[in-house]
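Visitor: Data file coords_6.cif (mmCIF, C-alpha atoms and all ligand atoms) is appended below.
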```
data_target
loop_
_atom_site.label_atom_id
_atom_site.label_comp_id
_atom_site.auth_asym_id
_atom_site.auth_seq_id
_atom_site.Cartn_x
_atom_site.Cartn_y
_atom_site.Cartn_z
CA MET A 1 -18.80 -11.20 -31.74
CA ILE A 2 -16.81 -8.00 -31.49
CA HIS A 3 -14.02 -7.68 -34.03
CA GLU A 4 -10.56 -8.37 -32.55
CA GLU A 5 -9.27 -5.10 -33.98
CA THR A 6 -11.73 -3.14 -31.81
CA MET A 7 -10.65 -5.07 -28.72
CA LEU A 8 -7.01 -4.27 -29.51
CA ARG A 9 -7.81 -0.59 -29.99
CA ILE A 10 -9.38 -0.56 -26.51
CA VAL A 11 -6.21 -2.11 -25.03
CA LYS A 12 -4.14 0.45 -26.93
CA TYR A 13 -5.93 3.25 -25.05
CA ALA A 14 -5.83 1.38 -21.72
CA VAL A 15 -2.02 1.39 -21.69
CA LYS A 16 -1.89 5.17 -22.02
CA ALA A 17 -2.93 5.28 -18.37
CA PRO A 18 -0.48 6.56 -15.75
CA SER A 19 1.29 4.10 -13.47
CA CYS A 20 3.70 4.46 -10.58
CA HIS A 21 7.26 4.87 -12.06
CA ASN A 22 5.58 4.21 -15.44
CA ALA A 23 6.05 0.51 -14.64
CA GLN A 24 2.84 -0.40 -16.55
CA PRO A 25 2.03 -3.33 -14.21
CA TRP A 26 -0.71 -4.87 -16.32
CA ARG A 27 -1.54 -7.60 -18.81
CA PHE A 28 -4.66 -8.21 -20.90
CA LYS A 29 -6.53 -11.33 -21.91
CA ILE A 30 -9.09 -11.04 -24.71
CA ARG A 31 -11.82 -13.71 -24.74
CA ASN A 32 -14.81 -13.35 -27.07
CA ASP A 33 -16.44 -10.06 -26.02
CA THR A 34 -14.56 -9.57 -22.76
CA ILE A 35 -11.19 -8.11 -21.85
CA CYS A 36 -9.58 -9.24 -18.62
CA LEU A 37 -7.20 -6.73 -17.04
CA LEU A 38 -4.65 -8.61 -14.93
CA PRO A 39 -1.95 -7.41 -12.54
CA ASP A 40 1.65 -8.02 -13.63
CA PHE A 41 3.48 -8.55 -10.37
CA THR A 42 6.82 -8.83 -12.20
CA ARG A 43 6.44 -5.03 -12.55
CA ALA A 44 5.53 -4.37 -8.92
CA LEU A 45 7.60 -1.94 -6.83
CA PRO A 46 8.41 -3.81 -3.62
CA VAL A 47 10.03 -0.81 -1.92
CA ALA A 48 7.96 2.20 -3.04
CA ASP A 49 4.72 0.21 -3.05
CA ASN A 50 5.10 -2.75 -0.72
CA ASP A 51 1.36 -3.44 -0.36
CA ASN A 52 0.73 -2.96 -4.13
CA HIS A 53 -1.78 -0.15 -3.60
CA SER A 54 -0.13 1.93 -6.34
CA LEU A 55 -0.19 -1.09 -8.66
CA TYR A 56 -3.97 -1.42 -8.25
CA ILE A 57 -4.51 2.35 -8.50
CA SER A 58 -2.63 2.19 -11.83
CA MET A 59 -4.89 -0.67 -12.94
CA GLY A 60 -7.91 1.45 -12.01
CA CYS A 61 -6.55 4.22 -14.27
CA ALA A 62 -6.18 1.70 -17.15
CA LEU A 63 -9.71 0.39 -16.47
CA GLU A 64 -11.15 3.91 -16.75
CA ASN A 65 -9.44 4.36 -20.13
CA MET A 66 -10.84 0.99 -21.29
CA ILE A 67 -14.39 2.03 -20.34
CA LEU A 68 -14.06 5.36 -22.14
CA ALA A 69 -12.56 3.74 -25.25
CA ALA A 70 -15.28 1.06 -25.36
CA HIS A 71 -17.99 3.74 -25.24
CA GLU A 72 -16.20 5.77 -27.87
CA PHE A 73 -16.21 2.75 -30.22
CA GLY A 74 -19.92 2.06 -29.64
CA TYR A 75 -19.97 -0.44 -26.74
CA ASP A 76 -21.47 -0.37 -23.29
CA THR A 77 -19.37 -2.02 -20.56
CA GLU A 78 -20.15 -4.27 -17.62
CA VAL A 79 -17.26 -4.34 -15.16
CA GLU A 80 -16.74 -7.16 -12.69
CA ILE A 81 -13.98 -7.16 -10.11
CA THR A 82 -13.49 -10.77 -9.07
CA GLY A 83 -11.03 -12.94 -7.21
CA ASN A 84 -10.07 -12.91 -3.58
CA GLY A 85 -9.48 -9.59 -1.84
CA ASN A 86 -5.72 -9.65 -2.32
CA ASN A 87 -5.62 -10.68 -5.94
CA PRO A 88 -8.58 -9.24 -7.79
CA GLN A 89 -9.02 -9.46 -11.55
CA ILE A 90 -10.93 -6.99 -13.61
CA ILE A 91 -13.25 -8.32 -16.29
CA VAL A 92 -14.80 -5.90 -18.74
CA ALA A 93 -17.66 -7.31 -20.83
CA LEU A 94 -18.66 -5.31 -23.90
CA HIS A 95 -22.17 -5.01 -25.33
CA ASP A 96 -23.32 -3.25 -28.50
CA GLU A 97 -24.56 0.27 -27.85
CA PRO A 98 -24.43 1.94 -31.27
CA GLU A 99 -26.55 4.93 -30.18
CA GLY A 100 -24.55 5.53 -26.98
CA VAL A 101 -23.24 9.01 -26.19
CA LYS A 102 -19.55 9.47 -27.00
CA PRO A 103 -17.64 10.22 -23.79
CA GLU A 104 -16.01 13.64 -23.90
CA LEU A 105 -13.08 12.55 -21.73
CA PHE A 106 -11.94 10.01 -24.33
CA ASP A 107 -10.45 12.88 -26.35
CA TYR A 108 -8.01 13.64 -23.54
CA ILE A 109 -6.52 10.16 -23.04
CA LEU A 110 -3.58 10.95 -25.35
CA LYS A 111 -3.22 14.53 -24.08
CA ARG A 112 -3.06 13.77 -20.33
CA GLN A 113 0.35 13.70 -18.70
CA ALA A 114 1.93 14.07 -15.27
CA ARG A 115 3.84 17.36 -15.29
CA ARG A 116 6.67 17.46 -12.79
CA ASN A 117 7.74 21.01 -13.69
CA LYS A 118 7.29 24.08 -11.51
CA TYR A 119 3.85 25.68 -11.75
CA ARG A 120 3.14 29.37 -12.13
CA ASN A 121 1.53 30.80 -9.04
CA ASP A 122 -1.79 31.49 -10.84
CA LYS A 123 -4.85 30.11 -9.10
CA VAL A 124 -7.22 27.62 -10.72
CA PRO A 125 -10.64 29.37 -10.56
CA ASP A 126 -13.28 28.03 -8.13
CA ASN A 127 -15.74 26.99 -10.83
CA LEU A 128 -13.04 24.90 -12.48
CA ILE A 129 -12.07 23.33 -9.14
CA SER A 130 -15.66 22.08 -8.72
CA GLU A 131 -15.64 20.74 -12.28
CA LEU A 132 -12.36 18.90 -11.65
CA PHE A 133 -13.30 17.34 -8.34
CA ASN A 134 -17.10 16.97 -8.09
CA ASP A 135 -17.47 13.59 -9.67
CA PRO A 136 -20.64 11.66 -8.75
CA ASP A 137 -19.08 8.37 -9.94
CA ASP A 138 -16.45 8.39 -7.21
CA GLU A 139 -18.07 5.71 -5.01
CA GLY A 140 -15.76 4.54 -2.24
CA VAL A 141 -13.37 7.45 -2.79
CA SER A 142 -13.12 10.84 -1.08
CA THR A 143 -11.05 13.84 -2.07
CA LYS A 144 -9.82 16.54 0.28
CA LEU A 145 -8.66 19.83 -1.21
CA PHE A 146 -6.03 22.24 0.12
CA LEU A 147 -6.53 25.55 -1.61
CA SER A 148 -5.64 28.47 0.66
CA GLY A 149 -2.07 29.40 1.55
CA ASN A 150 -2.63 28.21 5.13
CA GLU A 151 -4.11 24.87 4.10
CA MET A 152 -1.24 24.24 1.72
CA ARG A 153 1.44 25.31 4.23
CA GLU A 154 0.01 22.80 6.69
CA MET A 155 0.90 19.97 4.30
CA ILE A 156 4.50 21.02 3.57
CA PRO A 157 6.10 19.37 6.66
CA TYR A 158 4.49 16.03 5.72
CA ILE A 159 5.74 16.33 2.13
CA SER A 160 9.27 17.12 3.35
CA GLU A 161 9.31 14.34 5.93
CA GLY A 162 8.02 11.75 3.44
CA THR A 163 10.60 12.83 0.85
CA ARG A 164 13.46 12.76 3.37
CA LEU A 165 12.52 9.26 4.49
CA GLN A 166 12.26 7.96 0.93
CA PHE A 167 15.51 9.50 -0.31
CA SER A 168 17.49 8.42 2.73
CA ASN A 169 16.40 4.83 2.05
CA LYS A 170 19.02 3.23 -0.22
CA ALA A 171 16.59 0.52 -1.36
CA PHE A 172 14.07 3.18 -2.47
CA VAL A 173 16.69 5.12 -4.44
CA ASP A 174 18.05 1.90 -6.03
CA GLU A 175 14.55 0.88 -7.10
CA LEU A 176 13.83 4.35 -8.52
CA VAL A 177 17.17 4.44 -10.38
CA GLY A 178 16.15 1.15 -12.04
CA TRP A 179 13.09 2.88 -13.50
CA VAL A 180 14.70 6.17 -14.60
CA ARG A 181 15.61 6.24 -18.30
CA PHE A 182 18.81 8.26 -18.53
CA SER A 183 18.83 8.68 -22.32
CA GLU A 184 16.21 9.04 -25.02
CA LYS A 185 17.46 5.83 -26.60
CA GLU A 186 17.00 3.88 -23.37
CA ALA A 187 13.50 5.38 -22.87
CA MET A 188 12.41 4.48 -26.39
CA LEU A 189 13.90 0.99 -26.38
CA LYS A 190 12.37 0.06 -23.03
CA GLY A 191 9.06 1.88 -23.60
CA ASP A 192 8.56 2.30 -19.85
CA GLY A 193 10.04 4.13 -16.86
CA ILE A 194 10.51 7.83 -16.20
CA ARG A 195 12.50 9.92 -18.66
CA ALA A 196 15.34 11.75 -16.90
CA GLY A 197 14.17 15.06 -18.44
CA ALA A 198 10.75 14.61 -16.84
CA MET A 199 12.49 14.54 -13.43
CA GLY A 200 14.60 17.62 -14.09
CA LEU A 201 17.73 15.49 -14.71
CA PRO A 202 20.05 15.71 -17.74
CA ASN A 203 20.25 12.87 -20.28
CA THR A 204 23.65 11.60 -19.21
CA GLY A 205 23.41 7.89 -19.95
CA ARG A 206 22.86 5.29 -17.24
CA LEU A 207 26.32 5.19 -15.65
CA ILE A 208 26.60 8.92 -14.95
CA GLY A 209 22.85 9.24 -14.20
CA LYS A 210 23.14 6.52 -11.60
CA ILE A 211 26.10 8.25 -9.95
CA ILE A 212 24.24 11.59 -9.89
CA MET A 213 21.13 10.07 -8.34
CA LYS A 214 22.94 7.96 -5.79
CA TYR A 215 25.68 10.32 -4.68
CA PHE A 216 24.72 13.90 -5.59
CA ILE A 217 21.01 14.03 -4.78
CA SER A 218 20.69 13.97 -1.02
CA ALA A 219 17.45 13.50 0.89
CA GLU A 220 17.75 17.12 2.01
CA ILE A 221 18.15 18.49 -1.55
CA GLU A 222 15.19 16.45 -2.76
CA ALA A 223 13.00 17.51 0.20
CA ARG A 224 13.76 21.19 -0.51
CA ARG A 225 13.06 20.70 -4.22
CA MET A 226 9.69 19.10 -3.45
CA GLU A 227 8.80 21.90 -0.99
CA GLU A 228 9.55 24.48 -3.66
CA LEU A 229 7.44 22.66 -6.27
CA ALA A 230 4.62 22.24 -3.74
CA ARG A 231 4.64 25.93 -2.78
CA ALA A 232 4.29 27.01 -6.41
CA SER A 233 1.06 25.02 -6.84
CA SER A 234 -2.43 26.40 -7.04
CA GLY A 235 -3.61 23.69 -4.65
CA PHE A 236 -3.33 20.07 -3.52
CA ALA A 237 -5.83 17.24 -3.73
CA LEU A 238 -5.63 14.24 -1.40
CA PHE A 239 -7.33 11.15 -2.82
CA MET A 240 -8.49 8.81 -0.07
CA ALA A 241 -10.04 5.35 -0.08
CA GLU A 242 -12.99 4.56 2.17
CA LYS A 243 -11.53 1.08 2.70
CA ASN A 244 -7.88 0.18 2.35
CA ASP A 245 -8.25 -2.82 0.02
CA PRO A 246 -7.55 -3.60 -3.67
CA TYR A 247 -11.18 -3.02 -4.71
CA HIS A 248 -11.08 0.53 -3.35
CA TRP A 249 -7.58 1.11 -4.77
CA ILE A 250 -8.95 0.28 -8.22
CA ARG A 251 -11.94 2.63 -7.67
CA LEU A 252 -9.56 5.35 -6.54
CA GLY A 253 -7.50 4.84 -9.71
CA GLN A 254 -10.64 5.34 -11.81
CA ALA A 255 -11.49 8.56 -9.95
CA PHE A 256 -7.92 9.81 -10.25
CA GLN A 257 -7.86 9.08 -13.97
CA ARG A 258 -11.11 11.01 -14.53
CA PHE A 259 -9.51 13.92 -12.68
CA GLY A 260 -6.35 13.66 -14.84
CA LEU A 261 -8.39 13.66 -18.05
CA LYS A 262 -10.48 16.65 -16.94
CA ALA A 263 -7.28 18.45 -15.94
CA ALA A 264 -5.93 17.81 -19.45
CA LYS A 265 -9.17 19.16 -20.93
CA TYR A 266 -8.81 22.45 -19.03
CA GLN A 267 -5.02 22.56 -19.40
CA VAL A 268 -4.47 22.31 -15.67
CA SER A 269 -1.15 20.62 -14.84
CA HIS A 270 -0.88 18.02 -12.11
CA SER A 271 1.79 15.86 -10.53
CA HIS A 272 2.34 13.63 -7.51
CA LEU A 273 3.51 14.44 -4.01
CA ASP A 274 2.60 11.00 -2.70
CA MET A 275 5.50 10.63 -0.27
CA PRO A 276 3.43 11.29 2.88
CA CYS A 277 0.98 8.60 1.74
CA GLU A 278 3.72 6.08 0.92
CA GLU A 279 5.76 6.35 4.13
CA MET A 280 3.61 4.63 6.76
CA GLU A 281 4.71 6.63 9.78
CA VAL A 282 4.05 9.91 7.93
CA ARG A 283 0.74 8.54 6.64
CA ASP A 284 -0.34 7.81 10.23
CA LYS A 285 0.62 11.31 11.34
CA LEU A 286 -1.36 12.76 8.43
CA ILE A 287 -4.42 10.65 9.29
CA ASN A 288 -4.23 11.95 12.88
CA HIS A 289 -3.62 15.56 11.94
CA LEU A 290 -6.43 15.72 9.37
CA GLN A 291 -8.69 13.52 11.53
CA LEU A 292 -9.35 11.24 8.60
CA LYS A 293 -10.65 8.40 10.82
CA ASP A 294 -11.35 5.46 8.48
CA LEU A 295 -10.18 7.15 5.27
CA THR A 296 -6.81 6.06 3.89
CA PRO A 297 -4.87 8.83 2.08
CA LEU A 298 -3.23 7.28 -1.01
CA LEU A 299 -2.40 10.01 -3.53
CA LEU A 300 -1.43 13.61 -2.87
CA ILE A 301 -1.58 15.66 -6.06
CA ARG A 302 -0.38 19.19 -6.71
CA PHE A 303 -2.10 21.12 -9.47
CA GLY A 304 -1.73 24.48 -11.17
CA TYR A 305 -0.60 25.92 -14.47
CA SER A 306 2.59 25.15 -16.40
CA GLY A 307 3.81 24.35 -19.89
CA PRO A 308 3.81 20.81 -21.34
CA MET A 309 6.55 18.25 -20.66
CA PRO A 310 7.89 15.48 -22.91
CA TYR A 311 5.39 12.60 -23.03
CA SER A 312 6.35 9.30 -21.43
CA PHE A 313 6.66 6.15 -23.54
CA ARG A 314 4.64 2.93 -23.40
CA ARG A 315 5.54 -0.66 -24.27
CA SER A 316 3.94 -2.12 -27.40
CA PHE A 317 0.48 -3.11 -26.26
CA TYR A 318 0.37 -6.30 -28.31
CA LYS A 319 3.22 -7.70 -26.21
CA LEU A 320 0.97 -7.39 -23.16
CA LEU A 321 -1.66 -9.81 -24.43
CA ASP A 322 -1.95 -13.20 -22.76
CA PRO A 323 -2.46 -16.02 -25.26
C1 LIG B 1 -0.49 5.26 -8.47
C2 LIG B 1 0.50 6.24 -9.04
C3 LIG B 1 1.52 6.74 -8.23
C4 LIG B 1 2.43 7.65 -8.74
N1 LIG B 1 3.39 8.17 -7.91
C5 LIG B 1 4.22 9.10 -8.37
C6 LIG B 1 5.17 9.72 -7.48
O1 LIG B 1 5.23 9.40 -6.30
N2 LIG B 1 5.99 10.68 -8.00
C7 LIG B 1 5.91 11.08 -9.31
O2 LIG B 1 6.66 11.97 -9.71
N3 LIG B 1 5.03 10.51 -10.16
C8 LIG B 1 4.19 9.55 -9.71
N4 LIG B 1 3.26 8.99 -10.57
C9 LIG B 1 3.22 9.44 -11.96
C10 LIG B 1 3.88 8.41 -12.87
O3 LIG B 1 5.28 8.41 -12.70
C11 LIG B 1 3.47 8.72 -14.31
O4 LIG B 1 2.12 8.47 -14.43
C12 LIG B 1 4.24 7.84 -15.30
O5 LIG B 1 5.60 8.19 -15.31
C13 LIG B 1 3.70 7.96 -16.71
O6 LIG B 1 3.71 9.29 -17.14
P1 LIG B 1 2.38 10.04 -17.62
O7 LIG B 1 1.42 10.05 -16.45
O8 LIG B 1 2.85 11.42 -17.99
O9 LIG B 1 1.82 9.28 -18.76
C14 LIG B 1 2.34 8.07 -10.09
C15 LIG B 1 1.32 7.56 -10.90
C16 LIG B 1 0.41 6.66 -10.39
C17 LIG B 1 -0.71 6.13 -11.25
#
```
Step by step, read the file and then write its structure as structure tokens.
Guide:
Amino acid sequence: MIHEETMLRIVKYAVKAPSCHNAQPWRFKIRNDTICLLPDFTRALPVADNDNHSLYISMGCALENMILAAHEFGYDTEVEITGNGNNPQIIVALHDEPEGVKPELFDYILKRQARRNKYRNDKVPDNLISELFNDPDDEGVSTKLFLSGNEMREMIPYISEGTRLQFSNKAFVDELVGWVRFSEKEAMLKGDGIRAGAMGLPNTGRLIGKIIMKYFISAEIEARRMEELARASSGFALFMAEKNDPYHWIRLGQAFQRFGLKAAKYQVSHSHLDMPCEEMEVRDKLINHLQLKDLTPLLLIRFGYSGPMPYSFRRSFYKLLDP
């Protein structure tokens, strides 16, 4: 039987995965040589993510970290995604593999981060683009790249429209405010959420932060800010699922996490411009415009070069274990 300490170390790396609003919507159950990764719907985002696709993408990211950590510690993994279509569970069984090759991407789990700052206009070279996006393991997932000025400009109206819709929706802003941590103390105590500094906001404390977000940041200001950030990117990547169901959302999360880790390896910054994928009427327009047919666009990522940002916090992983 695998030592409990090893299982806990694997969970410790799993929780370093990204998640929408850093909500960390997962729990873990350790049984003999298996770890079950379960959704935590108490941490779902009913407004920003009303079908839970982001929740399952986040779980896919955590699953990818678990697989890498297991290999790093000398175990092969067998992954089973069970349960009915709307409520899948992820079971990872571990088997001894002492001679297995150590996965290079493991080294970047702690270095990866979403960087919401403005990128320098420098282009990511073509050979690096192929390294970042040509991943043979991406079954069920497609990625479309926007690299030239024209291709990127084409996407700007969708980014603006998605942002305007989100930030003119009071319920969306209220939900987001609930996940922003307006002081370092609040961020550390909670161990989740988005640090104000990471969003370009000052550390004002919750009361003032809430007032700023609700009354001083208009949909128009936010749309312009997103356009500016988008324009300064080297390119965009649209991650799309071949079927719009939880299984494919999890697979997409795994593919996205591998991209994030490779980006960290090559010091390429990335961040989300998911608004056109999250607002259904904009998503439909995008599907039509890009003639995506059966593909569902779920994450729109900008990438380029910039300096590091403060790292986000995580909750203590041992509190996430089911008895
Ligand atoms: C499925 C998913 C959706 C996300 N959507 C957004 C988004 O719309 N805007 C954004 O700024 N960040 C988004 N993020 C990034 C998270 O906020 C970020 O991963 C989290 O705050 C933890 O920070 P880290 O990735 O630096 O560890 C998303 C992440 C995931 C996995």
Visitor: Kindly give the distance, in Å, that separates atom C13 of ligand LIG 1 (chain B) and CA of Phe313 (chain A), rounded to a single decimal.
Guide: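 Answer for the atom C13 of ligand LIG 1 (chain B) to CA of Phe313 (chain A) separation: 7.7 Å.
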Visitor: List the neighbours of Ile301 (chain A) out to 9 Å using all atoms listed in the file; skip same-chain residues closer than 4 positions along the sequence, and give me the result as a list in words.
Guide: Gly235, Phe236, Ala237, Leu238, Phe239, His270, Ser271, His272, Leu273 and Asp274 of chain A
Visitor: Restricted to C-alpha atoms, what would the selected residues look like written as an mmCIF file, keeping the file's coordinate frame?
Guide:
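Result saved to result16.cif:
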```cif
data_model
loop_
_atom_site.group_PDB
_atom_site.id
_atom_site.type_symbol
_atom_site.label_atom_id
_atom_site.label_comp_id
_atom_site.auth_asym_id
_atom_site.auth_seq_id
_atom_site.Cartn_x
_atom_site.Cartn_y
_atom_site.Cartn_z
ATOM 1 C CA GLY A 235 -3.610 23.690 -4.650
ATOM 2 C CA PHE A 236 -3.330 20.070 -3.520
ATOM 3 C CA ALA A 237 -5.830 17.240 -3.730
ATOM 4 C CA LEU A 238 -5.630 14.240 -1.400
ATOM 5 C CA PHE A 239 -7.330 11.150 -2.820
ATOM 6 C CA HIS A 270 -0.880 18.020 -12.110
ATOM 7 C CA SER A 271 1.790 15.860 -10.530
ATOM 8 C CA HIS A 272 2.340 13.630 -7.510
ATOM 9 C CA LEU A 273 3.510 14.440 -4.010
ATOM 10 C CA ASP A 274 2.600 11.000 -2.700
#
```
Visitor: May I have the residues within 6 Å of ligand LIG 1 (chain B), computed using only C-alpha atoms and all ligand atoms, as a list in words?
Guide: Pro18, Ser19, Cys20, His21, Asn22, Ser54, Ile57, Ser58, Gln113, Ala114, Ile194, His272, Leu273, Asp274, Tyr311 and Ser312 of chain A
Visitor: I need the residues from that last selection saved to file as a PDB file, in the coordinates of the input (with C-alpha atoms), if you can.
Guide:
```
ATOM      1  CA  PRO A  18      -0.480   6.560 -15.750  1.00  0.00           C
ATOM      2  CA  SER A  19       1.290   4.100 -13.470  1.00  0.00           C
ATOM      3  CA  CYS A  20       3.700   4.460 -10.580  1.00  0.00           C
ATOM      4  CA  HIS A  21       7.260   4.870 -12.060  1.00  0.00           C
ATOM      5  CA  ASN A  22       5.580   4.210 -15.440  1.00  0.00           C
ATOM      6  CA  SER A  54      -0.130   1.930  -6.340  1.00  0.00           C
ATOM      7  CA  ILE A  57      -4.510   2.350  -8.500  1.00  0.00           C
ATOM      8  CA  SER A  58      -2.630   2.190 -11.830  1.00  0.00           C
ATOM      9  CA  GLN A 113       0.350  13.700 -18.700  1.00  0.00           C
ATOM     10  CA  ALA A 114       1.930  14.070 -15.270  1.00  0.00           C
ATOM     11  CA  ILE A 194      10.510   7.830 -16.200  1.00  0.00           C
ATOM     12  CA  HIS A 272       2.340  13.630  -7.510  1.00  0.00           C
ATOM     13  CA  LEU A 273       3.510  14.440  -4.010  1.00  0.00           C
ATOM     14  CA  ASP A 274       2.600  11.000  -2.700  1.00  0.00           C
ATOM     15  CA  TYR A 311       5.390  12.600 -23.030  1.00  0.00           C
ATOM     16  CA  SER A 312       6.350   9.300 -21.430  1.00  0.00           C
TER      17      SER A 312
END
```
Visitor: Which protein, DNA or RNA residues are at most 6 Å from (8.1, 20.3, -5.3) in the file's coordinates when you count only C-alpha atoms, listed as a CSV table (one decimal) with C-alpha atoms, keeping the file's coordinate frame?
Guide:
```
chain,number,residue,atom,x,y,z
A,225,ARG,CA,13.1,20.7,-4.2
A,226,MET,CA,9.7,19.1,-3.4
A,227,GLU,CA,8.8,21.9,-1.0
A,228,GLU,CA,9.6,24.5,-3.7
A,229,LEU,CA,7.4,22.7,-6.3
A,230,ALA,CA,4.6,22.2,-3.7
```
Visitor: In terms of the shortest atom-to-atom distance over only C-alpha atoms, which of A:Leu252, A:Ala44, A:Ile212, A:Ala232 is closest to Leu63 (chain A)?
Guide: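 That would be A:Leu252, the residue with the smallest distance to Leu63 (chain A).
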Visitor: From the list A:Leu207, A:Val92, A:Leu298, A:Val47, which residue is nearest Thr34 (chain A) when using all atoms listed in the file?
Guide: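 Nearest candidate to Thr34 (chain A) out of A:Leu207, A:Val92, A:Leu298, A:Val47: A:Val92.
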Visitor: To one decimal place, how far is CA of Glu131 (chain A) from CA of Leu295 (chain A) in Å?
Guide: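 Separation between CA of Glu131 (chain A) and CA of Leu295 (chain A): 22.9 Å.
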Visitor: Just give me the gap between CA of Ile221 (chain A) and CA of Lys190 (chain A) in Å, one decimal is fine.
Guide: 28.9 Å
Visitor: I want to know what sits within 7 Å of Pro246 (chain A), based on all atoms listed in the file, with residues of the same chain fewer than 4 positions away left out; could you give that as a PyMOL selection string?
Guide: chain A and resi 53+56+85-86+250
Visitor: My list of candidates is A:His71, A:Arg164, A:Arg206, A:Arg302. Which is closest to Thr6 (chain A) when distances are computed with all atoms listed in the file?
Guide: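 Closest to Thr6 (chain A), using all atoms listed in the file: A:His71.
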Visitor: A:Cys61, A:Met280, A:Met1, A:Val180: which is nearest Tyr75 (chain A), counting all atoms listed in the file?
Guide: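 Ranked by minimum distance to Tyr75 (chain A), first place goes to A:Met1.
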